[in-house]
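To start, the structure itself, in structure tokens.
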Amino acid sequence: MTTTSPIRKIPILAVEDNPANMNYLMFILKKLNVASVSAPTAEEALQLLKSYEFSCGLFDINLGAGMSGLDLMEKVREINIYKNIPIIAVTAYYGGGMHKKLIDKGFTDYLAKPYDMVQLDALLEKYIR
């Protein structure tokens, strides 16, 4: 875990429909001293984009009913100020070349569930520190 690198204070947008998974993610982000805002649905995430500026997105792929994380990423990429921010797919689906498929569709990177603090910290170090 990196503790010496400063983190940008612009928050990360975390989108996860499973409350236990969201609690775990928010716990790790807090431990890493990363500012974050969370939403349980893609629709709520899009509303948050009107009120906050984000440095990065962590989007679960399967968000249950409504838009998926992939749909959300595509909509976020249509917003001029978010065309190039890092958006990381967070998902338990990781076989059959899923990483390449998600990158090809527009995600910046991929974080497979289950993940730990070290893995998430490495991605944040790579993209926003």
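Chain labels A, B, ... are given in the sequence in which chains occur in the structure tokens; within each chain residues are numbered consecutively from 1, and ligands are likewise numbered from 1 in the order shown.
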Exercise for review: Find the residues around region 108-115 of chain A up to 8 Å (only C-alpha atoms counted), leave out those fewer than 6 positions away in its own chain, and share them as a PyMOL selection string.
Suggested key: chain A and resi 86-94+99+102
Practice item. Using DSSP on the backbone coordinates, identify all residues within chain A classified as strand (DSSP E or B); present the result as an MDAnalysis selection string. Key: chainID A and resid 12:15 36:39 56:60 87:91 109:112
Using N, CA and C atoms, can you write the selected residues to a file as an mmCIF file, in the first residue's frame?
```
data_model
loop_
_atom_site.group_PDB
_atom_site.id
_atom_site.type_symbol
_atom_site.label_atom_id
_atom_site.label_comp_id
_atom_site.auth_asym_id
_atom_site.auth_seq_id
_atom_site.Cartn_x
_atom_site.Cartn_y
_atom_site.Cartn_z
ATOM 1 N N ILE A 12 -13.439 10.245 -6.480
ATOM 2 C CA ILE A 12 -13.715 9.134 -7.380
ATOM 3 C C ILE A 12 -15.215 8.865 -7.311
ATOM 4 N N LEU A 13 -15.807 8.499 -8.434
ATOM 5 C CA LEU A 13 -17.202 8.085 -8.459
ATOM 6 C C LEU A 13 -17.246 6.562 -8.427
ATOM 7 N N ALA A 14 -17.773 6.010 -7.347
ATOM 8 C CA ALA A 14 -17.888 4.559 -7.176
ATOM 9 C C ALA A 14 -19.347 4.166 -7.390
ATOM 10 N N VAL A 15 -19.581 3.228 -8.319
ATOM 11 C CA VAL A 15 -20.944 2.795 -8.626
ATOM 12 C C VAL A 15 -21.017 1.285 -8.426
ATOM 13 N N SER A 36 -14.200 10.124 -2.199
ATOM 14 C CA SER A 36 -15.093 9.352 -3.056
ATOM 15 C C SER A 36 -16.545 9.732 -2.823
ATOM 16 N N VAL A 37 -17.334 9.486 -3.855
ATOM 17 C CA VAL A 37 -18.778 9.654 -3.815
ATOM 18 C C VAL A 37 -19.344 8.372 -4.395
ATOM 19 N N SER A 38 -20.422 7.857 -3.817
ATOM 20 C CA SER A 38 -20.951 6.575 -4.276
ATOM 21 C C SER A 38 -22.384 6.702 -4.773
ATOM 22 N N ALA A 39 -22.717 5.764 -5.655
ATOM 23 C CA ALA A 39 -24.078 5.656 -6.174
ATOM 24 C C ALA A 39 -24.396 4.179 -6.357
ATOM 25 N N CYS A 56 -11.994 9.994 -11.472
ATOM 26 C CA CYS A 56 -11.922 8.592 -11.880
ATOM 27 C C CYS A 56 -13.274 7.942 -11.593
ATOM 28 N N GLY A 57 -13.576 6.885 -12.322
ATOM 29 C CA GLY A 57 -14.777 6.112 -12.054
ATOM 30 C C GLY A 57 -14.422 4.665 -11.762
ATOM 31 N N LEU A 58 -15.094 4.090 -10.792
ATOM 32 C CA LEU A 58 -15.011 2.658 -10.492
ATOM 33 C C LEU A 58 -16.424 2.126 -10.656
ATOM 34 N N PHE A 59 -16.689 1.473 -11.784
ATOM 35 C CA PHE A 59 -18.051 1.075 -12.132
ATOM 36 C C PHE A 59 -18.188 -0.436 -12.128
ATOM 37 N N ASP A 60 -19.082 -0.932 -11.275
ATOM 38 C CA ASP A 60 -19.464 -2.340 -11.344
ATOM 39 C C ASP A 60 -20.135 -2.547 -12.700
ATOM 40 N N ILE A 87 -11.752 5.287 -16.246
ATOM 41 C CA ILE A 87 -12.936 4.583 -15.768
ATOM 42 C C ILE A 87 -12.572 3.108 -15.707
ATOM 43 N N ILE A 88 -12.630 2.567 -14.505
ATOM 44 C CA ILE A 88 -12.200 1.196 -14.252
ATOM 45 C C ILE A 88 -13.426 0.313 -14.050
ATOM 46 N N ALA A 89 -13.492 -0.756 -14.822
ATOM 47 C CA ALA A 89 -14.559 -1.744 -14.686
ATOM 48 C C ALA A 89 -14.252 -2.613 -13.471
ATOM 49 N N VAL A 90 -15.234 -2.788 -12.605
ATOM 50 C CA VAL A 90 -15.087 -3.643 -11.434
ATOM 51 C C VAL A 90 -16.119 -4.755 -11.573
ATOM 52 N N THR A 91 -15.652 -5.996 -11.689
ATOM 53 C CA THR A 91 -16.597 -7.068 -11.969
ATOM 54 C C THR A 91 -16.077 -8.435 -11.560
ATOM 55 N N ASP A 109 -9.337 0.425 -17.568
ATOM 56 C CA ASP A 109 -8.735 -0.764 -16.977
ATOM 57 C C ASP A 109 -9.828 -1.596 -16.344
ATOM 58 N N TYR A 110 -9.411 -2.630 -15.637
ATOM 59 C CA TYR A 110 -10.310 -3.668 -15.152
ATOM 60 C C TYR A 110 -9.823 -4.139 -13.783
ATOM 61 N N LEU A 111 -10.729 -4.262 -12.841
ATOM 62 C CA LEU A 111 -10.421 -4.778 -11.508
ATOM 63 C C LEU A 111 -11.355 -5.949 -11.238
ATOM 64 N N ALA A 112 -10.780 -7.147 -11.114
ATOM 65 C CA ALA A 112 -11.571 -8.353 -10.917
ATOM 66 C C ALA A 112 -11.939 -8.532 -9.447
#
```
Practice item. Run DSSP on the backbone and grab whatever in chain A lands in alpha helix (DSSP H); send it over as a ChimeraX atom specification. Key: /A:19-31,42-48,69-77,98-105,117-127
Exercise for review: For each of A:Met117, A:Met73, A:Ile28, A:Ala20, take the minimum atom-to-atom distance to Pro40 (chain A), counting only C-alpha atoms, then give the residue where this is smallest.
Suggested key: A:Ala20
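Among A:Ala122, A:Ala42, A:Met98, A:Ala35, the residue with the shortest atom-to-atom distance to Ser68 (chain A), counting only C-alpha atoms, is A:Ala42.
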Point to revise | Contact residues around region 78-84 of chain A with only C-alpha atoms at 12 Å, ignoring same-chain residues under 6 positions, as a list in words | key: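 With the cut-off at 12 Å, the set is Leu13, Leu46, Leu49, Lys50, Tyr52, Glu53, Phe54, Ser55, Cys56, Gly57, Asp71, Leu72, Gly106, Phe107, Thr108 and Tyr127 of chain A.
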Check your understanding: A:Leu29, A:Ile10, A:Ile85, A:Leu70: which is nearest Leu120 (chain A), counting only C-alpha atoms?
Key -> A:Leu29
Exercise for review: To one decimal in Å, tell me the separation between CA of Leu63 (chain A) and CA of Thr41 (chain A).
Suggested key: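 These atoms are spaced 6.4 Å apart.
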Review point. CA of Gln119 (chain A) and CA of Ile61 (chain A), how far apart in Å?
Key: 17.9 Å
Exercise for review: Between A:Leu48, A:Gly95, A:Glu16, A:Glu125, single out the one closest to Val76 (chain A), counting only C-alpha atoms.
Suggested key: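 Distance minimum relative to Val76 (chain A) lands on A:Leu48.
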